[in-house]
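Participant: Supplied in structure tokens, the structure appears directly below.
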Amino acid sequence: MTSTLRLATRRSALATAQSGMVAEAVTRATGRPVELVEITTYGDTTQATGELMSQIGGTGVFVNALREALLAGEADFAVHSLKDLPTAEPAGLALAAVPEREDVRDVLVARDGHKLADLPHGARVGTGSTRRAAQLRLLRPDLEVVAVRGNVDTRVGFVASGRVDAVVLAYAGLNRLGRIGEATDFFDPAEFLPAPGQGALAIECRAQDAELIEILATLEHAPTRAAIAAERALLATLEAGCSAPVGGYALVGPEDGGELTLSGVVAEVVGPDHAGPPASVRAALSGPAAQAARIGAELATRLLAQGADALMGATRRTSA
Ligand SMILES: NCc1[nH]cc(CCC(=O)O)c1CC(=O)O
């Protein structure tokens, strides 16, 4: 007998799409049926009421309700967007698998097919991310960066409604919703650095569930695990909070024992009235993929020595 596995998922279109993909992959690999268990997170509730995410503790709110459902035994495993996962793994849970990563890039969805380089002077570009805002300003200091929030469909809708001329989004999210055809420009990840973990999924379950950990291991992709280990070590050593303007991107050779190159950027947090591009520091470091975490920590140390600490300001986690 192969009993049904219960997969805790958020209700949003992106979460449902991601959970559905993983559920199918688990069933394909193991023959075990997977049932989706819908969980409403505090983040989803407050999004509906329009409360600012920054006031309630950032992206961790999307993750916590799923984790509580696992710890309470209401579900067996959960799928998270890795970039939304706080860098500390809680007691009792395990990051059982990191599947092969989707395209890591950020993309532009602009009216009239515009690319970033040919958007009109002063065009309004929407993003809620300090990382995207800073890199937009570095490349096009003449644009007006407008704070927008909401799920992927909501943000793309702001272009159609004329509230903004363009928005910046993750390729991965847009693609998983079947809307990548609406992207009008694709940012080179070496120039416009994605968020640490962007495009990757995290599959989490209870740490003592050895049988399930073995099942989920069939979805593991070692080069992606190494890449996200480097990117997350960078974030952790920077003590960057989830609203810090930090980009990190590790490229890993396809072979086991391959070479890993990690690029990082930390930018100044600037308000809408700031003139000119923000200050920023940038560095890259290569080494064996097996030493991913050390490379991430070392790159962070170099960025801090270049002044990253002062740039992050209040977005740096000063405790815990
Ligand atoms: N910030 C929310 C979020 N979390 C994960 C994704 C997309 C999927 C991914 O990056 O893995 C998105 C949307 C976006 O940033 O455009």
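Ordering of the structure tokens sets the chain letters (A, B, ...), residue numbers begin anew at 1 in every chain, and ligands are numbered from 1 in the order given.
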Which residues come within 7 Å of Ala78 (chain A), counting only C-alpha atoms, excluding same-chain residues fewer than 3 positions away, as a VMD selection string?

Facilitator: chain A and resid 7 to 9 66 203 to 205

Participant: Could I get the residue neighbourhood of ligand 1 at 8 Å, counting only C-alpha atoms and all ligand atoms, as an mmCIF file with C-alpha atoms, in the first residue's frame?

Facilitator:
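To be explicit, this is the file written out as part-v3.cif:
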data_model
loop_
_atom_site.group_PDB
_atom_site.id
_atom_site.type_symbol
_atom_site.label_atom_id
_atom_site.label_comp_id
_atom_site.auth_asym_id
_atom_site.auth_seq_id
_atom_site.Cartn_x
_atom_site.Cartn_y
_atom_site.Cartn_z
ATOM 1 C CA LEU A 14 1.795 30.951 -7.940
ATOM 2 C CA THR A 59 8.225 37.446 3.501
ATOM 3 C CA SER A 81 9.763 29.830 -3.172
ATOM 4 C CA LEU A 82 13.319 29.561 -1.916
ATOM 5 C CA LYS A 83 13.890 33.294 -2.061
ATOM 6 C CA ASP A 84 11.053 33.784 0.452
ATOM 7 C CA GLU A 102 14.032 27.653 -13.139
ATOM 8 C CA VAL A 104 16.922 32.957 -12.390
ATOM 9 C CA ASP A 106 14.334 39.228 -13.549
ATOM 10 C CA SER A 129 11.708 45.288 -4.003
ATOM 11 C CA ASN A 151 0.762 39.018 -6.426
ATOM 12 C CA VAL A 152 2.149 38.538 -9.934
ATOM 13 C CA VAL A 168 9.923 44.085 -12.917
ATOM 14 C CA LEU A 169 9.189 40.482 -11.946
ATOM 15 C CA ALA A 170 10.937 37.130 -11.593
ATOM 16 C CA TYR A 171 10.993 35.095 -14.811
ATOM 17 C CA ALA A 172 10.203 32.016 -12.702
ATOM 18 C CA GLY A 173 6.943 33.297 -11.268
ATOM 19 C CA LEU A 174 5.686 34.651 -14.587
ATOM 20 C CA ARG A 176 4.971 29.168 -13.757
ATOM 21 C CA ALA A 195 17.473 37.737 -5.303
ATOM 22 C CA GLY A 197 17.400 31.775 -4.219
ATOM 23 C CA GLN A 198 15.298 33.279 -6.991
ATOM 24 C CA GLY A 199 13.807 30.702 -9.351
ATOM 25 C CA ALA A 200 14.464 27.824 -6.950
ATOM 26 C CA LEU A 201 11.952 25.891 -4.857
#

Participant: If I take CA of Arg131 (chain A) and CA of Ala236 (chain A), how far is one from the other in Å, to one decimal?

Facilitator: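 Computing it gives 16.1 Å between the two atoms.
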
Participant: Would you list, as an MDAnalysis selection string, the residues of region 51-283 of chain A that end up in alpha helix (DSSP H) under DSSP run on this structure's backbone?

Facilitator: chainID A and resid 60:71 130:139 152:160 171:176 210:216 222:238

Participant: Mind listing the strand (DSSP E or B) residues of region 60-271 of chain A, per DSSP on the backbone, as a PyMOL selection string?

Facilitator: chain A and resi 77-81+93-97+106-110+124-126+144-146+166-170+185-186+201-206+240+246-252+259-267

Participant: Since we have the selection now, will you write its residues out, keeping N, CA and C atoms, as a short mmCIF file (atom, residue, chain, number, x, y, z; two decimals), in the first residue's frame?

Facilitator:
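The resulting file, result_9.cif, is reproduced below:
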data_model
loop_
_atom_site.label_atom_id
_atom_site.label_comp_id
_atom_site.auth_asym_id
_atom_site.auth_seq_id
_atom_site.Cartn_x
_atom_site.Cartn_y
_atom_site.Cartn_z
N PHE A 77 4.46 17.65 3.83
CA PHE A 77 5.54 18.47 3.28
C PHE A 77 4.97 19.74 2.68
N ALA A 78 5.88 20.67 2.38
CA ALA A 78 5.46 21.97 1.85
C ALA A 78 6.48 22.42 0.82
N VAL A 79 5.99 23.24 -0.12
CA VAL A 79 6.84 23.82 -1.16
C VAL A 79 6.86 25.33 -0.96
N HIS A 80 8.06 25.90 -0.89
CA HIS A 80 8.20 27.35 -0.77
C HIS A 80 9.01 27.88 -1.94
N SER A 81 8.80 29.14 -2.31
CA SER A 81 9.76 29.83 -3.17
C SER A 81 11.00 30.02 -2.32
N LEU A 93 12.31 20.81 11.45
CA LEU A 93 12.04 20.74 10.01
C LEU A 93 13.34 20.55 9.25
N ALA A 94 13.22 20.00 8.04
CA ALA A 94 14.39 19.77 7.20
C ALA A 94 14.12 20.31 5.79
N LEU A 95 15.13 20.91 5.19
CA LEU A 95 15.06 21.32 3.78
C LEU A 95 15.39 20.07 2.98
N ALA A 96 14.35 19.25 2.73
CA ALA A 96 14.55 17.88 2.24
C ALA A 96 15.05 17.85 0.81
N ALA A 97 14.60 18.78 -0.03
CA ALA A 97 15.05 18.77 -1.43
C ALA A 97 14.99 20.16 -2.03
N ASP A 106 15.45 38.30 -13.64
CA ASP A 106 14.33 39.23 -13.55
C ASP A 106 13.99 39.67 -14.96
N VAL A 107 12.71 39.96 -15.16
CA VAL A 107 12.24 40.40 -16.47
C VAL A 107 11.43 41.67 -16.33
N LEU A 108 11.29 42.37 -17.44
CA LEU A 108 10.47 43.57 -17.51
C LEU A 108 9.19 43.22 -18.26
N VAL A 109 8.07 43.69 -17.76
CA VAL A 109 6.82 43.64 -18.52
C VAL A 109 6.44 45.10 -18.73
N ALA A 110 6.57 45.58 -19.96
CA ALA A 110 6.35 47.00 -20.23
C ALA A 110 5.28 47.18 -21.30
N ARG A 124 7.41 55.41 -15.55
CA ARG A 124 7.14 54.90 -14.20
C ARG A 124 7.27 53.38 -14.20
N VAL A 125 8.20 52.87 -13.37
CA VAL A 125 8.43 51.43 -13.30
C VAL A 125 8.09 50.94 -11.90
N GLY A 126 7.21 49.97 -11.82
CA GLY A 126 6.73 49.48 -10.53
C GLY A 126 7.53 48.30 -10.00
N GLU A 144 11.27 56.81 -13.00
CA GLU A 144 10.61 56.97 -11.70
C GLU A 144 10.24 55.58 -11.20
N VAL A 145 10.84 55.18 -10.06
CA VAL A 145 10.52 53.87 -9.49
C VAL A 145 9.32 54.03 -8.57
N VAL A 146 8.28 53.27 -8.83
CA VAL A 146 7.02 53.38 -8.09
C VAL A 146 6.84 52.12 -7.25
N ALA A 166 5.69 50.02 -16.63
CA ALA A 166 6.36 48.71 -16.64
C ALA A 166 6.45 48.20 -15.21
N VAL A 167 6.63 46.90 -15.08
CA VAL A 167 6.95 46.30 -13.78
C VAL A 167 8.11 45.33 -13.98
N VAL A 168 8.85 45.08 -12.90
CA VAL A 168 9.92 44.08 -12.92
C VAL A 168 9.48 42.90 -12.06
N LEU A 169 9.63 41.70 -12.61
CA LEU A 169 9.19 40.48 -11.95
C LEU A 169 10.22 39.38 -12.15
N ALA A 170 10.10 38.31 -11.37
CA ALA A 170 10.94 37.13 -11.59
C ALA A 170 10.41 36.35 -12.80
N ASP A 185 11.50 42.34 -21.78
CA ASP A 185 12.96 42.43 -21.68
C ASP A 185 13.43 41.45 -20.62
N PHE A 186 14.62 40.90 -20.81
CA PHE A 186 15.17 39.88 -19.92
C PHE A 186 16.51 40.39 -19.43
N LEU A 201 12.98 26.31 -5.81
CA LEU A 201 11.95 25.89 -4.86
C LEU A 201 12.60 25.16 -3.69
N ALA A 202 11.97 25.26 -2.53
CA ALA A 202 12.43 24.55 -1.34
C ALA A 202 11.34 23.57 -0.94
N ILE A 203 11.70 22.32 -0.74
CA ILE A 203 10.74 21.32 -0.28
C ILE A 203 11.10 20.94 1.15
N GLU A 204 10.17 21.23 2.05
CA GLU A 204 10.44 21.09 3.48
C GLU A 204 9.52 20.03 4.08
N CYS A 205 10.05 19.27 5.04
CA CYS A 205 9.21 18.31 5.76
C CYS A 205 9.73 18.18 7.20
N ARG A 206 9.07 17.37 8.00
CA ARG A 206 9.53 17.18 9.38
C ARG A 206 10.87 16.44 9.39
N ALA A 240 21.62 40.40 6.20
CA ALA A 240 20.65 41.20 5.44
C ALA A 240 19.24 40.78 5.83
N VAL A 246 19.87 43.57 -1.60
CA VAL A 246 20.98 42.65 -1.82
C VAL A 246 20.63 41.71 -2.97
N GLY A 247 21.53 41.62 -3.95
CA GLY A 247 21.39 40.64 -5.03
C GLY A 247 22.51 39.63 -4.92
N GLY A 248 22.22 38.39 -5.29
CA GLY A 248 23.26 37.36 -5.25
C GLY A 248 22.93 36.29 -6.25
N TYR A 249 23.93 35.87 -6.99
CA TYR A 249 23.69 34.91 -8.05
C TYR A 249 24.89 33.99 -8.22
N ALA A 250 24.68 32.69 -8.00
CA ALA A 250 25.75 31.71 -8.18
C ALA A 250 25.50 30.87 -9.43
N LEU A 251 26.53 30.80 -10.25
CA LEU A 251 26.50 29.97 -11.45
C LEU A 251 27.36 28.76 -11.16
N VAL A 252 26.79 27.54 -11.35
CA VAL A 252 27.52 26.32 -11.00
C VAL A 252 27.66 25.45 -12.23
N GLU A 259 32.81 24.06 -10.74
CA GLU A 259 33.22 25.36 -10.26
C GLU A 259 31.98 26.22 -10.00
N LEU A 260 32.03 26.99 -8.93
CA LEU A 260 30.92 27.88 -8.59
C LEU A 260 31.43 29.31 -8.63
N THR A 261 30.69 30.20 -9.32
CA THR A 261 31.03 31.62 -9.31
C THR A 261 29.86 32.39 -8.73
N LEU A 262 30.11 33.07 -7.62
CA LEU A 262 29.07 33.82 -6.92
C LEU A 262 29.30 35.32 -7.11
N SER A 263 28.28 36.02 -7.60
CA SER A 263 28.32 37.47 -7.71
C SER A 263 27.37 38.06 -6.68
N GLY A 264 27.76 39.19 -6.10
CA GLY A 264 26.90 39.84 -5.12
C GLY A 264 26.89 41.34 -5.30
N VAL A 265 25.75 41.95 -4.96
CA VAL A 265 25.66 43.41 -4.98
C VAL A 265 24.88 43.85 -3.75
N VAL A 266 25.34 44.93 -3.13
CA VAL A 266 24.59 45.57 -2.05
C VAL A 266 24.49 47.04 -2.42
N ALA A 267 23.27 47.58 -2.38
CA ALA A 267 23.06 48.97 -2.78
C ALA A 267 22.51 49.78 -1.61
#

Participant: Mind checking which residues fall within 9 Å of region 290-307 of chain A, counting only C-alpha atoms, ignoring those fewer than 2 positions away in the same chain, and posting them as a ChimeraX atom specification?

Facilitator: /A:226-238,250,256-266,280-288,309-311

Participant: Which residue out of A:Ala69, A:Val63, A:Leu193, A:Leu212 has the minimum interatomic distance to Ala134 (chain A) when only C-alpha atoms are used?

Facilitator: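 Of A:Ala69, A:Val63, A:Leu193, A:Leu212, the one nearest Ala134 (chain A), counting only C-alpha atoms, is A:Leu193.
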
Participant: Of the candidates A:Thr27, A:Thr16, A:Thr127, A:Ser243, which shows the shortest atom-to-atom distance to Thr2 (chain A), using only C-alpha atoms?

Facilitator: A:Thr27

Participant: Report, in Å with one decimal, the straight-line distance from CA of Val156 (chain A) to CA of Cys242 (chain A).

Facilitator: 22.6 Å

Participant: Quick check, in Å to one decimal: how far apart do CA of Gln208 (chain A) and CA of Arg101 (chain A) lie?

Facilitator: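 One can read the CA of Gln208 (chain A) to CA of Arg101 (chain A) distance as 26.1 Å.
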
Participant: Determine the nearest neighbour of Glu24 (chain A) from the options A:Leu5, A:Thr224, A:Pro120, A:Phe192, counting only C-alpha atoms.

Facilitator: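 For Glu24 (chain A), the nearest of the candidates is A:Leu5.
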
Participant: For a quick check of understanding, using only C-alpha atoms, which of A:Arg132, A:Leu216, A:Ala147, A:Arg163 has the smallest distance to Glu268 (chain A)?

Facilitator: A:Arg132

Participant: Pick from A:Gly20, A:Pro141, A:Gly73, A:Gly60: nearest to Asp209 (chain A), with only C-alpha atoms counted?

Facilitator: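 The closest residue to Asp209 (chain A) is A:Gly73.
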